[in-house]
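Taking it in order: structure first as C-alpha cells, then the write-up.
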Amino acid sequence: MTLSFDDILAAQARLQGHIERTPCRFSRTLSEITGAEVWVKFENLQFTAAYKERGALNKLLQLGENVRARGVIAASAGNHSQGLAYHAARLGIPVTIVMPRTTPFMKVQQTRAHGAEVVIDGDGYDEASSFAMRLREERDLVFIHPFNDLDVMAGQGTVALEMLEDVPDLEVLPTPIGGGGLVAGMATAAKHVKPDIRIVGLEPAMYPSFTAKMRGVNAGAATGGATIAEGIAVKAVGETSYAVARPLIDEVLLIEEPHFERAIALYCNVEKTVSEGAGAASLAALLAYPERFCGKKCGLVITGGNIDTRLLASVLTRELVREQRIVSLRIIGDDRPGLLANVSMIIGQMGANIIEVAHNRLALDVPAKGAEFDLMIETRDAQHTKEVMDALRERGYPPRAV
C-alpha cells in the first residue's frame with residue numbers, strides 16, 4: 001500500500017468547505033532576515049489552530065455508518081486530539097482521546113471542550129497509545145492514528161497542494177517531521193506537481209528518529225529531552241509514513257533549541273502571529289542553515305499555534321535577553337547615600353529603563369563598607385546597551401554583565 005496523488009486530490013475534494021483554505025503569503029521582512037524568498041502558509045488559522053484537522057477529517061469522512069455509530073479512539077497529547085475531537089463532534093461521531101499524564105492542562109481542557117471523552121493514562125505517547133489500543137478492543141472502537149495512516153497522510157498532503165496553487169514556482173519545502181505523516185503527504189503532492197521541488201525534512205536535534213531510521217540506527221537511545229518542539233518529539237516514525245516519505249525527501253536537517261525559540265519570536269514580532277515550537281520548525285531551519293536556503297523560493301508552513309501562553313511569554317523574554325535588549329548589570333561601589341540614585345539617573349538620562357534592582361550588602365566578596373547592585377535594564381538594542389554601560393563606566397560606576 002502506498003499514497004497516491006489521486007488520494008490527495010480526493011482528500012482535497014472531501015475537505016472543501018469543512019476546513020479553512022489558509023493563506024500563503026510572502027514575507028518581506030523574514031526574507032530580508034534569512035536571505036531566502038519566504039512564503040508562509042498560516043495553518044495556525046485553522047479552527048483548532050493546526051493542520052492536523054485535515055488528516056483527521058479526511059479519515060472520519062470515509063468511515064461507514066456502522067463505524068461512525070460505534071465511535072473512534074486516538075492517542076495524542078496535541079493537535080491530532082483537538083482536530084479529531086472537533087470534527088468528530090461536528091459529524092456526530094463519539095470520540096475518545098487517551099492523553100499522557102504529562103499533557104498540559106490547557107490541551108486537555110481544549111480537547112474536552114470539543115466534545116471528546118478524555119482518558120488520562122501513561123507517562124508518554126507510547127504508553128497512552130498502548131492503553132488506547134486496549135480500550136479499542138474493549139469498546140469495539142476504530143483507532144485513528146495521528147500519522148501512520150494513508151488517509152491521514154492524504155489529508156495532510158492538501159497543505160502542499162494549496163501552497164503550489166498559490167505559489168507555483170516554489171523551489172523548497174522545509175517540512176517538520178514527527179511521525180512522518182505531514183512530510184509524506186506534502187512530499188507526495190509536491191513532487192507530483194513539481195518534480196524538481198526540494199523536500200527538506202526537519203527534526204528536533206533531541207529527537208532524530210527519521211534520521212536514525214535512514215541510517216539504520218536504533219533511535220531509542222538517541223532520543224529524549226525537553227524540546228520546545230514537543231509536537232514533533234517522536235521516538236519512532238511510522239513505518240508506513242516512512243516508507244512513503246523516504247524516497248521523496250532530499251535531505252533531513254536537525255534543529256537545535258535556540259533556533260526554534262528565535263523562530264517563534266520572529267513569527268510573533270514580524271508576522272504578528274502565534275506559532276508553537278513544532279510549528280516554527282521551517283523558519284528555524286532557515287535560521288540554522290542559511291546557506292542551504294539562501295536565494296531560494298521557500299514555502300514555510302506554520303503547522304500549529306497551540307503554545308502555552310506562559311511558555312510563549314518566556315520565549316519572547318528570552319529573545320530580548322538574546323538580543324541584549326534586556327541585560328543584568330552588577331555594580332559594586334561605596335555604600336553611601338545617593339549611590340543608587342546616581343546610577344539610576346545615569347541610566348535614565350541614557351534612555352534606558354530599570355526593570356529590577358537587587359541591593360546586596362552581605363556578600364563576602366563585597367567590602368564591608370561597600371554595596372553591590374544587580375540591575376536589570378531594558379534598552380533599544382545591543383548598541384544602546386553598550387552606550388549605557390560606557391556612560392556608567394565614565395561616571396565612575398563600572399558595570400559588569402551578569
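Starting from 1 in every chain, residues are counted up; chains themselves are A, B, ... following the order of the C-alpha cells, and ligands are numbered from 1 as listed.
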
Those of range 256-370 of chain A in DSSP strand (DSSP E or B), formatted as a PyMOL selection string: chain A and resi 297-302+304+326-334+353-360+370

Those same residues - N, CA and C atoms - I'd like them written as a short mmCIF file (atom, residue, chain, number, x, y, z; two decimals), in the first residue's frame.
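Result file out-v7.cif:
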data_model
loop_
_atom_site.label_atom_id
_atom_site.label_comp_id
_atom_site.auth_asym_id
_atom_site.auth_seq_id
_atom_site.Cartn_x
_atom_site.Cartn_y
_atom_site.Cartn_z
N LYS A 297 13.31 30.10 -3.29
CA LYS A 297 11.91 30.43 -3.01
C LYS A 297 11.35 29.32 -2.11
N CYS A 298 11.19 29.63 -0.83
CA CYS A 298 10.87 28.62 0.19
C CYS A 298 9.44 28.73 0.68
N GLY A 299 8.76 27.60 0.75
CA GLY A 299 7.41 27.56 1.30
C GLY A 299 7.44 27.03 2.72
N LEU A 300 7.12 27.88 3.69
CA LEU A 300 7.15 27.52 5.10
C LEU A 300 5.72 27.33 5.60
N VAL A 301 5.50 26.31 6.39
CA VAL A 301 4.19 26.06 6.98
C VAL A 301 4.25 26.30 8.48
N ILE A 302 3.41 27.22 8.98
CA ILE A 302 3.22 27.31 10.43
C ILE A 302 2.22 26.22 10.76
N GLY A 304 1.19 24.78 13.47
CA GLY A 304 0.28 24.90 14.60
C GLY A 304 0.60 26.09 15.48
N ILE A 326 17.37 43.20 27.05
CA ILE A 326 17.24 43.08 28.50
C ILE A 326 18.57 42.54 29.01
N VAL A 327 19.20 43.30 29.91
CA VAL A 327 20.54 42.95 30.40
C VAL A 327 20.59 43.13 31.90
N SER A 328 21.27 42.21 32.57
CA SER A 328 21.52 42.35 34.01
C SER A 328 22.93 42.87 34.23
N LEU A 329 23.06 43.96 34.97
CA LEU A 329 24.36 44.58 35.24
C LEU A 329 24.64 44.53 36.75
N ARG A 330 25.89 44.29 37.10
CA ARG A 330 26.32 44.33 38.51
C ARG A 330 27.25 45.50 38.70
N ILE A 331 26.95 46.30 39.71
CA ILE A 331 27.77 47.47 40.04
C ILE A 331 28.17 47.38 41.51
N ILE A 332 29.46 47.49 41.77
CA ILE A 332 29.96 47.48 43.15
C ILE A 332 30.56 48.85 43.45
N GLY A 333 30.11 49.45 44.55
CA GLY A 333 30.61 50.77 44.91
C GLY A 333 30.57 51.00 46.41
N ASP A 334 30.93 52.20 46.83
CA ASP A 334 30.88 52.55 48.25
C ASP A 334 29.42 52.62 48.70
N ASN A 353 15.58 51.77 30.65
CA ASN A 353 14.57 51.58 31.68
C ASN A 353 15.04 50.53 32.68
N ILE A 354 14.91 50.84 33.98
CA ILE A 354 15.26 49.87 35.02
C ILE A 354 14.04 49.00 35.30
N ILE A 355 14.23 47.68 35.15
CA ILE A 355 13.14 46.74 35.39
C ILE A 355 13.17 46.21 36.82
N GLU A 356 14.38 45.97 37.33
CA GLU A 356 14.50 45.31 38.63
C GLU A 356 15.82 45.71 39.28
N VAL A 357 15.82 45.83 40.64
CA VAL A 357 17.03 46.17 41.38
C VAL A 357 17.17 45.22 42.57
N ALA A 358 18.37 44.66 42.73
CA ALA A 358 18.68 43.87 43.93
C ALA A 358 19.88 44.51 44.60
N HIS A 359 19.77 44.83 45.89
CA HIS A 359 20.79 45.56 46.64
C HIS A 359 21.37 44.61 47.68
N ASN A 360 22.68 44.29 47.59
CA ASN A 360 23.30 43.29 48.46
C ASN A 360 24.48 43.88 49.22
N GLY A 370 31.15 48.53 51.42
CA GLY A 370 30.70 48.63 50.04
C GLY A 370 29.29 48.10 49.87
#

Alpha helix (DSSP H) residues, from DSSP on the backbone, in range 93-285 of chain A, as a ChimeraX atom specification: /A:105-113,125-139,150-166,181-193,209-214,239-245,257-270,281-285

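What separates CA of Gln82 in chain A from CA of Ala245 in chain A is a distance of 24.9 Å.
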
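Residue nearest Glu261 in chain A within the list A:Leu135, A:Met350, A:Val315, A:Ala288: A:Val315 [criterion: smallest interatomic distance, only C-alpha atoms].
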
Interatomic distance (Å, one decimal) between CA of Phe293 in chain A and CA of Tyr207 in chain A: 22.8 Å

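Excluding Ala13 in chain A and any residue on its chain fewer than 2 positions from it, the residues at most 12 Å away by only C-alpha atoms are Asp6, Asp7, Ile8, Leu9, Ala10, Ala11, Leu15, Gln16, Gly17, His18, Ile19, Arg54, Leu57, Asn58, Leu61, Ala154, Gly155, Thr158 and Leu161 of chain A.
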
Polymer residues at most 12 Å from Val167 in chain A, only C-alpha atoms, same-chain spacing of 6 or more positions, as a VMD selection string: chain A and resid 23 to 26 37 to 41 160 to 161 173 190 193 to 194 297 to 300

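One finds CA of Leu91 in chain A at 16.7 Å from CA of Phe143 in chain A.
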
All residues 8 Å or closer to Gly180 in chain A, only C-alpha atoms, same chain fewer than 2 positions away omitted, as a VMD selection string: chain A and resid 147 to 148 177 to 178 182 to 184 210 237 to 238 241 to 242 245

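When only C-alpha atoms are used to compute distances to Arg21 in chain A, the closest of the residues A:Gly115, A:Glu165, A:Thr34, A:Arg136 turns out to be A:Glu165.
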
Polymer residues at most 8 Å from Gly231 in chain A, only C-alpha atoms, same-chain spacing of 5 or more positions, as a PyMOL selection string: chain A and resi 78-79+178+277-278

For the selection you just gave me, I'd like the residues written to a file as a short mmCIF file (atom, residue, chain, number, x, y, z; two decimals), in the first residue's frame, keeping C-alpha atoms.
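Below is the file that was written, out-v8.cif:
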data_model
loop_
_atom_site.label_atom_id
_atom_site.label_comp_id
_atom_site.auth_asym_id
_atom_site.auth_seq_id
_atom_site.Cartn_x
_atom_site.Cartn_y
_atom_site.Cartn_z
CA GLY A 78 -1.51 17.57 20.99
CA ASN A 79 -3.13 18.82 17.84
CA GLY A 178 7.48 13.98 13.84
CA GLY A 277 7.62 25.16 18.68
CA ALA A 278 6.99 22.48 16.05
#

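The smallest atom-to-atom distance between Leu340 in chain A and any of A:Val72, A:Met186, A:Glu291, A:Tyr397, using only C-alpha atoms, is found for A:Tyr397.
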
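Of the listed residues (A:Ala187, A:Val274, A:Ala233, A:Ile120), A:Ile120 comes nearest to Thr102 in chain A; the distances count only C-alpha atoms.
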
Polymer residues at most 9 Å from Arg198 in chain A, only C-alpha atoms, same-chain spacing of 6 or more positions, as an MDAnalysis selection string: chainID A and resid 171:174 187 190:191 248:251

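When only C-alpha atoms are used to compute distances to Ile197 in chain A, the closest of the residues A:Val270, A:Lys296, A:Leu287, A:Val108 turns out to be A:Lys296.
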
Nearest residue to His259 in chain A from the set A:Ser282, A:Thr211, A:Gln349, A:Ser4 (distances using only C-alpha atoms): A:Ser282
